[in-house]
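Okay, query_39.pdb now, which holds PDB, C-alpha atoms:
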```pdb
MODEL        1
ATOM      1  CA  MET A  29    -100.141  32.493  14.726  1.00  0.00           C
ATOM      2  CA  VAL A  30     -96.973  30.550  15.500  1.00  0.00           C
ATOM      3  CA  LEU A  31     -97.237  28.666  12.194  1.00  0.00           C
ATOM      4  CA  VAL A  32     -97.595  31.915  10.287  1.00  0.00           C
ATOM      5  CA  ALA A  33     -94.530  33.336  12.051  1.00  0.00           C
ATOM      6  CA  LEU A  34     -92.481  30.187  11.370  1.00  0.00           C
ATOM      7  CA  THR A  35     -93.562  30.155   7.739  1.00  0.00           C
ATOM      8  CA  THR A  36     -92.583  33.808   7.335  1.00  0.00           C
ATOM      9  CA  ILE A  37     -89.149  33.060   8.800  1.00  0.00           C
ATOM     10  CA  ALA A  38     -88.779  30.002   6.535  1.00  0.00           C
ATOM     11  CA  ILE A  39     -89.633  32.019   3.442  1.00  0.00           C
ATOM     12  CA  GLY A  40     -87.153  34.716   4.459  1.00  0.00           C
ATOM     13  CA  LEU A  41     -84.371  32.186   5.073  1.00  0.00           C
ATOM     14  CA  SER A  42     -85.011  30.339   1.825  1.00  0.00           C
ATOM     15  CA  SER A  43     -85.078  33.609  -0.146  1.00  0.00           C
ATOM     16  CA  PHE A  44     -81.808  34.705   1.453  1.00  0.00           C
ATOM     17  CA  THR A  45     -80.194  31.321   0.713  1.00  0.00           C
ATOM     18  CA  LEU A  46     -81.325  31.369  -2.910  1.00  0.00           C
ATOM     19  CA  MET A  47     -80.053  34.950  -3.317  1.00  0.00           C
ATOM     20  CA  ILE A  48     -76.638  33.978  -1.930  1.00  0.00           C
ATOM     21  CA  MET A  49     -76.489  30.943  -4.232  1.00  0.00           C
ATOM     22  CA  ARG A  50     -77.355  33.040  -7.303  1.00  0.00           C
ATOM     23  CA  ASP A  51     -74.838  35.748  -6.467  1.00  0.00           C
ATOM     24  CA  SER A  52     -72.127  33.159  -5.791  1.00  0.00           C
ATOM     25  CA  ALA A  53     -72.823  31.365  -9.083  1.00  0.00           C
ATOM     26  CA  VAL A  54     -72.637  34.614 -11.062  1.00  0.00           C
ATOM     27  CA  GLU A  55     -69.459  35.757  -9.286  1.00  0.00           C
ATOM     28  CA  ALA A  56     -67.830  32.345  -9.803  1.00  0.00           C
ATOM     29  CA  ALA A  57     -68.719  32.353 -13.516  1.00  0.00           C
ATOM     30  CA  ARG A  58     -67.235  35.843 -13.922  1.00  0.00           C
ATOM     31  CA  PHE A  59     -64.091  34.755 -12.090  1.00  0.00           C
ATOM     32  CA  ALA A  60     -63.731  31.587 -14.213  1.00  0.00           C
ATOM     33  CA  ALA A  61     -64.221  33.620 -17.407  1.00  0.00           C
ATOM     34  CA  LEU A  62     -61.107  35.705 -16.813  1.00  0.00           C
ATOM     35  CA  ALA A  63     -58.330  35.125 -19.342  1.00  0.00           C
ATOM     36  CA  ASP A  64     -55.916  33.576 -16.813  1.00  0.00           C
ATOM     37  CA  GLN A  65     -58.504  31.324 -15.048  1.00  0.00           C
ATOM     38  CA  ASN A  66     -60.350  28.108 -15.878  1.00  0.00           C
ATOM     39  CA  SER A  67     -63.554  26.300 -14.888  1.00  0.00           C
ATOM     40  CA  ALA A  68     -61.940  24.634 -11.874  1.00  0.00           C
ATOM     41  CA  ALA A  69     -61.040  28.051 -10.474  1.00  0.00           C
ATOM     42  CA  GLY A  70     -64.695  29.039 -10.801  1.00  0.00           C
ATOM     43  CA  CYS A  71     -65.794  25.992  -8.794  1.00  0.00           C
ATOM     44  CA  GLU A  72     -63.273  26.792  -6.065  1.00  0.00           C
ATOM     45  CA  ARG A  73     -64.448  30.411  -5.988  1.00  0.00           C
ATOM     46  CA  ALA A  74     -68.105  29.376  -5.687  1.00  0.00           C
ATOM     47  CA  GLN A  75     -67.304  26.973  -2.846  1.00  0.00           C
ATOM     48  CA  SER A  76     -65.324  29.602  -0.955  1.00  0.00           C
ATOM     49  CA  LEU A  77     -68.107  32.203  -1.344  1.00  0.00           C
ATOM     50  CA  ILE A  78     -70.789  29.797  -0.095  1.00  0.00           C
ATOM     51  CA  SER A  79     -68.609  28.612   2.793  1.00  0.00           C
ATOM     52  CA  ALA A  80     -67.811  32.168   3.879  1.00  0.00           C
ATOM     53  CA  THR A  81     -71.398  33.364   3.720  1.00  0.00           C
ATOM     54  CA  LEU A  82     -73.500  30.455   4.953  1.00  0.00           C
ATOM     55  CA  VAL A  83     -70.871  28.952   7.313  1.00  0.00           C
ATOM     56  CA  GLY A  84     -71.494  25.218   7.050  1.00  0.00           C
ATOM     57  CA  THR A  85     -75.288  25.294   6.767  1.00  0.00           C
ATOM     58  CA  LEU A  86     -75.346  24.489   3.063  1.00  0.00           C
ATOM     59  CA  LYS A  87     -73.276  21.970   1.105  1.00  0.00           C
ATOM     60  CA  PRO A  88     -74.116  22.606  -2.557  1.00  0.00           C
ATOM     61  CA  GLN A  89     -73.160  20.473  -5.512  1.00  0.00           C
ATOM     62  CA  ILE A  90     -71.210  22.738  -7.865  1.00  0.00           C
ATOM     63  CA  ASP A  91     -70.594  22.028 -11.551  1.00  0.00           C
ATOM     64  CA  CYS A  92     -68.467  24.314 -13.714  1.00  0.00           C
ATOM     65  CA  TYR A  93     -67.937  23.906 -17.426  1.00  0.00           C
ATOM     66  CA  THR A  94     -67.364  25.671 -20.735  1.00  0.00           C
ATOM     67  CA  PRO A  95     -69.568  23.932 -23.312  1.00  0.00           C
ATOM     68  CA  ASP A  96     -68.428  25.808 -26.418  1.00  0.00           C
ATOM     69  CA  GLY A  97     -65.295  27.590 -25.229  1.00  0.00           C
ATOM     70  CA  GLU A  98     -67.094  30.934 -25.287  1.00  0.00           C
ATOM     71  CA  ILE A  99     -69.209  30.923 -22.119  1.00  0.00           C
ATOM     72  CA  GLU A 100     -68.374  29.834 -18.563  1.00  0.00           C
ATOM     73  CA  ILE A 101     -71.299  28.205 -16.770  1.00  0.00           C
ATOM     74  CA  VAL A 102     -71.505  27.535 -13.030  1.00  0.00           C
ATOM     75  CA  VAL A 103     -74.428  25.418 -11.779  1.00  0.00           C
ATOM     76  CA  MET A 104     -75.141  25.080  -8.057  1.00  0.00           C
ATOM     77  CA  LYS A 105     -77.726  22.750  -6.491  1.00  0.00           C
ATOM     78  CA  ALA A 106     -78.444  22.351  -2.784  1.00  0.00           C
ATOM     79  CA  SER A 107     -81.084  20.877  -0.494  1.00  0.00           C
ATOM     80  CA  PHE A 108     -82.619  23.154   2.110  1.00  0.00           C
ATOM     81  CA  LYS A 109     -84.873  22.071   4.980  1.00  0.00           C
ATOM     82  CA  LEU A 110     -87.914  24.224   5.577  1.00  0.00           C
ATOM     83  CA  PHE A 111     -90.251  24.463   8.548  1.00  0.00           C
ATOM     84  CA  GLY A 112     -93.583  26.125   9.181  1.00  0.00           C
ATOM     85  CA  ILE A 113     -96.833  25.399   7.359  1.00  0.00           C
ATOM     86  CA  LEU A 114     -95.067  23.672   4.448  1.00  0.00           C
ATOM     87  CA  PRO A 115     -92.237  21.661   6.026  1.00  0.00           C
ATOM     88  CA  GLY A 116     -89.953  19.494   3.927  1.00  0.00           C
ATOM     89  CA  ILE A 117     -86.825  19.569   1.862  1.00  0.00           C
ATOM     90  CA  ARG A 118     -86.597  21.833  -1.162  1.00  0.00           C
ATOM     91  CA  VAL A 119     -83.884  21.689  -3.812  1.00  0.00           C
ATOM     92  CA  PHE A 120     -82.580  25.081  -4.879  1.00  0.00           C
ATOM     93  CA  SER A 121     -80.561  25.639  -8.022  1.00  0.00           C
ATOM     94  CA  ALA A 122     -78.688  28.634  -9.358  1.00  0.00           C
ATOM     95  CA  ILE A 123     -76.915  29.169 -12.658  1.00  0.00           C
ATOM     96  CA  GLY A 124     -74.272  31.777 -13.452  1.00  0.00           C
ATOM     97  CA  ARG A 125     -73.025  32.511 -16.969  1.00  0.00           C
ATOM     98  CA  ALA A 126     -70.241  34.759 -18.200  1.00  0.00           C
ATOM     99  CA  PRO A 127     -68.520  35.212 -21.586  1.00  0.00           C
ATOM    100  CA  ARG A 128     -64.862  34.138 -21.664  1.00  0.00           C
ATOM    101  CA  GLU A 129     -62.153  36.733 -22.136  1.00  0.00           C
ATOM    102  CA  ASN A 130     -59.709  36.177 -24.961  1.00  0.00           C
TER     103      ASN A 130
ENDMDL
END
```
Written as structure tokens, that's how I'd like the structure from this file.
Amino acid sequence: MVLVALTTIAIGLSSFTLMIMRDSAVEAARFAALADQNSAAGCERAQSLISATLVGTLKPQIDCYTPDGEIEIVVMKASFKLFGILPGIRVFSAIGRAPREN
């Protein structure tokens, strides 16, 4: 019963973490796509959102770029330790895209 409870908590925490990463990536891409911003501003925005929400528990690798000058892309990858029935380290990734303003 304890393993089932721990696994349920682990799934909830991992789902919450992935949701925060996805929302942060999308928000950062939208911010970087503004006419007066650039890709570096999107990376800073993503880092500040993750730091404010998950308070030091997650240190993601964040890549921001504009491959064709039309779309801002923010890619976040992070390792997350799980416990319960399936312990181990999982790598989560999230991608946010937004069209650039002219």
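We find CA of Thr94 in chain A and CA of Ser79 in chain A to be spaced 23.7 Å apart.
From CA of Cys71 in chain A back to CA of Ser42 in chain A, the distance works out to 22.4 Å.
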Selection dump of the PyMOL selection byres ((chain A and resi 62) around 10), as a PDB file with C-alpha atoms, in the coordinates of the input:
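result-v3.pdb was written with the following content:
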```
ATOM      1  CA  ALA A  57     -68.719  32.353 -13.516  1.00  0.00           C
ATOM      2  CA  ARG A  58     -67.235  35.843 -13.922  1.00  0.00           C
ATOM      3  CA  PHE A  59     -64.091  34.755 -12.090  1.00  0.00           C
ATOM      4  CA  ALA A  60     -63.731  31.587 -14.213  1.00  0.00           C
ATOM      5  CA  ALA A  61     -64.221  33.620 -17.407  1.00  0.00           C
ATOM      6  CA  ALA A  63     -58.330  35.125 -19.342  1.00  0.00           C
ATOM      7  CA  ASP A  64     -55.916  33.576 -16.813  1.00  0.00           C
ATOM      8  CA  GLN A  65     -58.504  31.324 -15.048  1.00  0.00           C
ATOM      9  CA  ASN A  66     -60.350  28.108 -15.878  1.00  0.00           C
ATOM     10  CA  SER A  67     -63.554  26.300 -14.888  1.00  0.00           C
ATOM     11  CA  ALA A  69     -61.040  28.051 -10.474  1.00  0.00           C
ATOM     12  CA  GLY A  70     -64.695  29.039 -10.801  1.00  0.00           C
ATOM     13  CA  GLU A 100     -68.374  29.834 -18.563  1.00  0.00           C
ATOM     14  CA  ALA A 126     -70.241  34.759 -18.200  1.00  0.00           C
ATOM     15  CA  PRO A 127     -68.520  35.212 -21.586  1.00  0.00           C
ATOM     16  CA  ARG A 128     -64.862  34.138 -21.664  1.00  0.00           C
ATOM     17  CA  GLU A 129     -62.153  36.733 -22.136  1.00  0.00           C
ATOM     18  CA  ASN A 130     -59.709  36.177 -24.961  1.00  0.00           C
TER      19      ASN A 130
END
```
Legend entry - Option closest in space to Ala56 in chain A, from A:Leu86, A:Ile123, A:Ala38, A:Ala33 [counting all atoms listed in the file]: A:Ile123
Inset, instruction - Given the file shown, enumerate the residues that the PyMOL selection byres ((chain A and resi 43-45) around 12) captures and present them as a ChimeraX atom specification. - result: /A:36-42,46-52,78,81-83,85-88,104-110,118-122
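One finds CA of Gly124 in chain A at 4.6 Å from CA of Ala53 in chain A.
Compared by their closest atoms to Gln75 in chain A, and using only C-alpha atoms, the residues A:Thr35, A:Tyr93, A:Glu55, A:Gly116 rank with A:Glu55 nearest.
With distances restricted to only C-alpha atoms, A:Arg125 is the closest residue to Glu98 in chain A from A:Arg125, A:Met29, A:Ala68, A:Leu34.
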Is it possible to get the axis-aligned box enclosing range 50-68 of chain A (all listed atoms, 4 Å extra per side) as lines of an AutoDock Vina configuration file, with centre and edge lengths in Å rounded to one decimal?
```
center_x = -66.6
center_y = 30.2
center_z = -12.6
size_x = 29.4
size_y = 19.2
size_z = 21.6
```
How would range 76-87 of chain A read, as a short mmCIF file (atom, residue, chain, number, x, y, z; two decimals), in the coordinates of the input, once all heavy atoms are built in?
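Just written: out.cif:
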```cif
data_model
loop_
_atom_site.label_atom_id
_atom_site.label_comp_id
_atom_site.auth_asym_id
_atom_site.auth_seq_id
_atom_site.Cartn_x
_atom_site.Cartn_y
_atom_site.Cartn_z
N SER A 76 -65.82 28.70 -2.00
CA SER A 76 -65.32 29.60 -0.96
C SER A 76 -66.35 30.69 -0.62
O SER A 76 -66.50 31.06 0.55
CB SER A 76 -63.99 30.23 -1.38
OG SER A 76 -64.17 31.12 -2.44
N LEU A 77 -67.08 31.19 -1.61
CA LEU A 77 -68.11 32.20 -1.34
C LEU A 77 -69.25 31.63 -0.51
O LEU A 77 -69.71 32.26 0.45
CB LEU A 77 -68.65 32.77 -2.66
CG LEU A 77 -67.71 33.67 -3.45
CD1 LEU A 77 -68.29 33.96 -4.83
CD2 LEU A 77 -67.45 34.96 -2.70
N ILE A 78 -69.70 30.44 -0.85
CA ILE A 78 -70.79 29.80 -0.10
C ILE A 78 -70.33 29.49 1.32
O ILE A 78 -71.05 29.72 2.30
CB ILE A 78 -71.27 28.52 -0.81
CG1 ILE A 78 -72.06 28.89 -2.06
CG2 ILE A 78 -72.12 27.65 0.11
CD1 ILE A 78 -73.40 29.53 -1.80
N SER A 79 -69.12 28.96 1.46
CA SER A 79 -68.61 28.61 2.79
C SER A 79 -68.45 29.84 3.68
O SER A 79 -68.73 29.79 4.87
CB SER A 79 -67.27 27.90 2.67
OG SER A 79 -67.41 26.69 1.99
N ALA A 80 -68.01 30.94 3.10
CA ALA A 80 -67.81 32.17 3.88
C ALA A 80 -69.13 32.81 4.28
O ALA A 80 -69.24 33.40 5.35
CB ALA A 80 -66.98 33.16 3.08
N THR A 81 -70.14 32.68 3.45
CA THR A 81 -71.40 33.36 3.72
C THR A 81 -72.35 32.54 4.58
O THR A 81 -72.91 33.04 5.54
CB THR A 81 -72.11 33.71 2.40
OG1 THR A 81 -71.21 34.42 1.58
CG2 THR A 81 -73.33 34.55 2.65
N LEU A 82 -72.51 31.28 4.25
CA LEU A 82 -73.50 30.46 4.95
C LEU A 82 -72.89 29.55 6.02
O LEU A 82 -73.60 28.78 6.66
CB LEU A 82 -74.30 29.64 3.95
CG LEU A 82 -75.10 30.49 2.96
CD1 LEU A 82 -75.78 29.61 1.93
CD2 LEU A 82 -76.13 31.34 3.67
N VAL A 83 -71.62 29.60 6.23
CA VAL A 83 -70.87 28.95 7.31
C VAL A 83 -71.39 27.55 7.66
O VAL A 83 -71.96 27.33 8.73
CB VAL A 83 -70.84 29.84 8.58
CG1 VAL A 83 -69.86 29.26 9.59
CG2 VAL A 83 -70.46 31.26 8.26
N GLY A 84 -71.23 26.62 6.76
CA GLY A 84 -71.49 25.22 7.05
C GLY A 84 -72.95 24.79 7.03
O GLY A 84 -73.24 23.62 7.23
N THR A 85 -73.88 25.69 6.77
CA THR A 85 -75.29 25.29 6.77
C THR A 85 -75.73 24.71 5.44
O THR A 85 -76.76 24.06 5.37
CB THR A 85 -76.20 26.49 7.09
OG1 THR A 85 -75.99 27.50 6.11
CG2 THR A 85 -75.91 27.04 8.47
N LEU A 86 -74.96 24.92 4.40
CA LEU A 86 -75.35 24.49 3.06
C LEU A 86 -74.15 23.86 2.37
O LEU A 86 -73.08 24.45 2.32
CB LEU A 86 -75.84 25.71 2.26
CG LEU A 86 -76.56 25.45 0.96
CD1 LEU A 86 -77.90 24.77 1.23
CD2 LEU A 86 -76.81 26.76 0.25
N LYS A 87 -74.33 22.66 1.85
CA LYS A 87 -73.28 21.97 1.10
C LYS A 87 -73.77 21.75 -0.33
O LYS A 87 -74.32 20.71 -0.66
CB LYS A 87 -72.96 20.62 1.75
CG LYS A 87 -72.56 20.71 3.20
CD LYS A 87 -71.21 21.33 3.36
CE LYS A 87 -70.80 21.26 4.82
NZ LYS A 87 -69.95 22.33 5.21
#
```
